[in-house]
Each structure stands twice: as structure tokens, then as C-alpha cells.
file query.cif (mmCIF, C-alpha atoms)
data_model
#
loop_
_atom_site.label_atom_id
_atom_site.label_comp_id
_atom_site.auth_asym_id
_atom_site.auth_seq_id
_atom_site.Cartn_x
_atom_site.Cartn_y
_atom_site.Cartn_z
CA MET A 1 -0.56 6.53 -11.27
CA SER A 2 0.34 3.82 -8.80
CA ARG A 3 1.86 0.51 -9.74
CA GLN A 4 -1.32 -1.25 -8.56
CA SER A 5 -3.48 0.94 -10.82
CA ILE A 6 -1.26 0.23 -13.81
CA ARG A 7 -1.45 -3.52 -13.15
CA CYS A 8 -5.23 -3.30 -12.84
CA LEU A 9 -5.43 -1.29 -16.07
CA TRP A 10 -3.30 -3.91 -17.82
CA ARG A 11 -5.45 -6.81 -16.57
CA LEU A 12 -8.64 -5.04 -17.65
CA MET A 13 -7.14 -4.35 -21.08
CA VAL A 14 -6.19 -8.00 -21.50
CA MET A 15 -9.68 -9.05 -20.48
CA ARG A 16 -11.25 -6.68 -23.02
CA ARG A 17 -8.79 -7.75 -25.73
CA SER A 18 -9.85 -11.36 -25.20
CA THR A 19 -13.36 -10.37 -26.28
CA GLY A 20 -12.02 -9.11 -29.61
CA ALA A 21 -11.59 -5.37 -28.98
CA GLY A 22 -8.65 -3.49 -30.45
CA HIS A 23 -5.76 -2.09 -28.41
CA ILE A 24 -7.06 1.49 -28.25
CA ALA A 25 -10.66 0.45 -27.60
CA ALA A 26 -9.53 -1.86 -24.79
CA LEU A 27 -7.39 0.88 -23.25
CA ARG A 28 -10.21 3.44 -23.39
CA TRP A 29 -12.68 0.94 -21.89
CA ALA A 30 -10.33 -0.02 -19.05
CA ALA A 31 -9.42 3.59 -18.29
CA GLY A 32 -13.11 4.50 -18.22
CA LEU A 33 -13.83 1.74 -15.72
CA LEU A 34 -11.00 2.83 -13.46
CA TRP A 35 -12.06 6.49 -13.69
CA ARG A 36 -15.68 5.70 -12.79
CA ASN A 37 -14.45 3.58 -9.89
CA HIS A 38 -12.27 6.47 -8.72
CA LEU A 39 -15.22 8.90 -8.83
CA THR A 40 -17.42 6.47 -6.91
CA SER A 41 -14.79 5.99 -4.21
CA GLN A 42 -14.39 9.78 -3.87
CA ARG A 43 -18.14 10.18 -3.35
CA ARG A 44 -18.12 7.35 -0.82
CA LYS A 45 -15.27 8.99 1.14
CA HIS A 46 -17.28 12.19 1.34
CA LEU A 47 -20.32 10.31 2.65
CA ASP A 48 -18.20 8.43 5.17
CA ARG A 49 -16.74 11.71 6.48
CA ARG A 50 -20.21 13.21 6.73
CA THR A 51 -21.46 10.17 8.65
CA ASP A 52 -18.51 10.46 11.06
CA VAL A 53 -19.25 14.14 11.68
CA GLU A 54 -22.93 13.42 12.30
CA ARG A 55 -22.07 10.58 14.67
CA ALA A 56 -19.66 12.81 16.61
CA ALA A 57 -22.33 15.54 16.85
CA ARG A 58 -24.86 13.04 18.25
CA GLN A 59 -22.35 11.85 20.85
CA ARG A 60 -21.82 15.42 22.04
CA LEU A 61 -25.54 15.82 22.83
#

call {"tool": "encode", "arguments": {"input": "query.cif", "output": "C-alpha cells"}}
result
Amino acid sequence: MSRQSIRCLWRLMVMRRSTGAGHIAALRWAAGLLWRNHLTSQRRKHLDRRTDVERAARQRL
């Protein structure tokens, strides 16, 4: 896990703790947010690559 991810996780935990959640609940919530964000970015990368391939194919025509 990168230093930036750890800092983001920490900031999210602090934000959740300020709403009254416990330590473990805040950690699970923050980790879940980061994981869903990771999955979304992976899907987006796949779509971007597909778009690039389609654009290159159109240019070859």
C-alpha cells in the first residue's frame, strides 16, 4: 500500500470517527471506500484501453 493510500485511509478514518463511529467501524468503512474506488478505477482503465484500441482501428481504415 502506498504512502498516499495510507494517508487517505487515515483521513477517511478520522472523518468517520468525527461522526461517532468506533475505531474498527471507521477503519472498515474507510477501507471499503478505498476498495470500491480501486475497483472503479480498474474498470475505467479497461474502458479507456478499449476506446484507444477502437480509435486506432478507425484511423487505420

call {"tool": "residues_around", "arguments": {"input": "query.cif", "residues": "region 22-36 of chain A", "least_positions_apart": "5", "cutoff": "8 Å", "atoms": "all atoms listed in the file", "output": "ChimeraX atom specification"}}
result
/A:9,12-14,16-17

call {"tool": "atom_distance", "arguments": {"input": "query.cif", "atom1": "CA of His38 (chain A)", "atom2": "CA of Met1 (chain A)"}}
result
12.0 Å

call {"tool": "atom_distance", "arguments": {"input": "query.cif", "atom1": "CA of Arg49 (chain A)", "atom2": "CA of Leu61 (chain A)"}}
result
19.0 Å

call {"tool": "build_atoms", "arguments": {"input": "query.cif", "residues": "region 2-25 of chain A", "atoms": "N, CA, C and O atoms", "output": "CSV table (one decimal), in the frame of the given file"}}
result
chain,number,residue,atom,x,y,z
A,2,SER,N,-0.4,4.8,-9.6
A,2,SER,CA,0.3,3.8,-8.8
A,2,SER,C,0.6,2.5,-9.6
A,2,SER,O,-0.1,2.3,-10.6
A,3,ARG,N,1.5,1.8,-9.1
A,3,ARG,CA,1.9,0.5,-9.7
A,3,ARG,C,0.7,-0.4,-9.8
A,3,ARG,O,0.4,-1.1,-10.7
A,4,GLN,N,-0.1,-0.4,-8.7
A,4,GLN,CA,-1.3,-1.2,-8.6
A,4,GLN,C,-2.4,-0.8,-9.6
A,4,GLN,O,-3.0,-1.7,-10.2
A,5,SER,N,-2.5,0.5,-9.8
A,5,SER,CA,-3.5,0.9,-10.8
A,5,SER,C,-3.1,0.5,-12.2
A,5,SER,O,-3.9,0.2,-13.0
A,6,ILE,N,-1.8,0.6,-12.5
A,6,ILE,CA,-1.3,0.2,-13.8
A,6,ILE,C,-1.5,-1.3,-14.0
A,6,ILE,O,-1.9,-1.7,-15.1
A,7,ARG,N,-1.2,-2.1,-13.0
A,7,ARG,CA,-1.4,-3.5,-13.2
A,7,ARG,C,-2.9,-3.8,-13.4
A,7,ARG,O,-3.3,-4.7,-14.2
A,8,CYS,N,-3.8,-3.1,-12.7
A,8,CYS,CA,-5.2,-3.3,-12.8
A,8,CYS,C,-5.7,-2.9,-14.2
A,8,CYS,O,-6.4,-3.6,-14.9
A,9,LEU,N,-5.1,-1.8,-14.7
A,9,LEU,CA,-5.4,-1.3,-16.1
A,9,LEU,C,-5.0,-2.3,-17.1
A,9,LEU,O,-5.7,-2.7,-18.0
A,10,TRP,N,-3.8,-2.9,-16.9
A,10,TRP,CA,-3.3,-3.9,-17.8
A,10,TRP,C,-4.2,-5.2,-17.8
A,10,TRP,O,-4.6,-5.7,-18.9
A,11,ARG,N,-4.6,-5.6,-16.6
A,11,ARG,CA,-5.4,-6.8,-16.6
A,11,ARG,C,-6.8,-6.6,-17.2
A,11,ARG,O,-7.3,-7.4,-17.9
A,12,LEU,N,-7.4,-5.4,-17.0
A,12,LEU,CA,-8.6,-5.0,-17.6
A,12,LEU,C,-8.5,-5.0,-19.2
A,12,LEU,O,-9.4,-5.4,-19.9
A,13,MET,N,-7.4,-4.4,-19.6
A,13,MET,CA,-7.1,-4.4,-21.1
A,13,MET,C,-7.1,-5.8,-21.7
A,13,MET,O,-7.6,-6.0,-22.7
A,14,VAL,N,-6.3,-6.6,-21.0
A,14,VAL,CA,-6.2,-8.0,-21.5
A,14,VAL,C,-7.6,-8.7,-21.5
A,14,VAL,O,-7.9,-9.4,-22.5
A,15,MET,N,-8.4,-8.5,-20.5
A,15,MET,CA,-9.7,-9.0,-20.5
A,15,MET,C,-10.5,-8.5,-21.7
A,15,MET,O,-11.2,-9.3,-22.3
A,16,ARG,N,-10.5,-7.2,-21.9
A,16,ARG,CA,-11.2,-6.7,-23.0
A,16,ARG,C,-10.7,-7.1,-24.4
A,16,ARG,O,-11.5,-7.4,-25.3
A,17,ARG,N,-9.4,-7.3,-24.5
A,17,ARG,CA,-8.8,-7.8,-25.7
A,17,ARG,C,-9.2,-9.2,-26.0
A,17,ARG,O,-9.4,-9.6,-27.2
A,18,SER,N,-9.4,-10.0,-25.0
A,18,SER,CA,-9.8,-11.4,-25.2
A,18,SER,C,-11.2,-11.5,-25.8
A,18,SER,O,-11.6,-12.5,-26.3
A,19,THR,N,-12.0,-10.4,-25.7
A,19,THR,CA,-13.4,-10.4,-26.3
A,19,THR,C,-13.3,-9.9,-27.7
A,19,THR,O,-14.4,-9.8,-28.4
A,20,GLY,N,-12.2,-9.5,-28.2
A,20,GLY,CA,-12.0,-9.1,-29.6
A,20,GLY,C,-11.9,-7.6,-29.8
A,20,GLY,O,-11.8,-7.2,-31.0
A,21,ALA,N,-11.8,-6.8,-28.8
A,21,ALA,CA,-11.6,-5.4,-29.0
A,21,ALA,C,-10.2,-5.1,-29.4
A,21,ALA,O,-9.2,-5.8,-29.1
A,22,GLY,N,-10.0,-3.9,-30.1
A,22,GLY,CA,-8.6,-3.5,-30.4
A,22,GLY,C,-7.9,-2.9,-29.3
A,22,GLY,O,-8.4,-2.7,-28.2
A,23,HIS,N,-6.6,-2.6,-29.5
A,23,HIS,CA,-5.8,-2.1,-28.4
A,23,HIS,C,-6.3,-0.8,-27.8
A,23,HIS,O,-6.4,-0.6,-26.6
A,24,ILE,N,-6.6,0.2,-28.7
A,24,ILE,CA,-7.1,1.5,-28.2
A,24,ILE,C,-8.4,1.4,-27.6
A,24,ILE,O,-8.7,2.0,-26.5
A,25,ALA,N,-9.3,0.6,-28.2
A,25,ALA,CA,-10.7,0.4,-27.6
A,25,ALA,C,-10.6,-0.2,-26.2
A,25,ALA,O,-11.3,0.2,-25.3
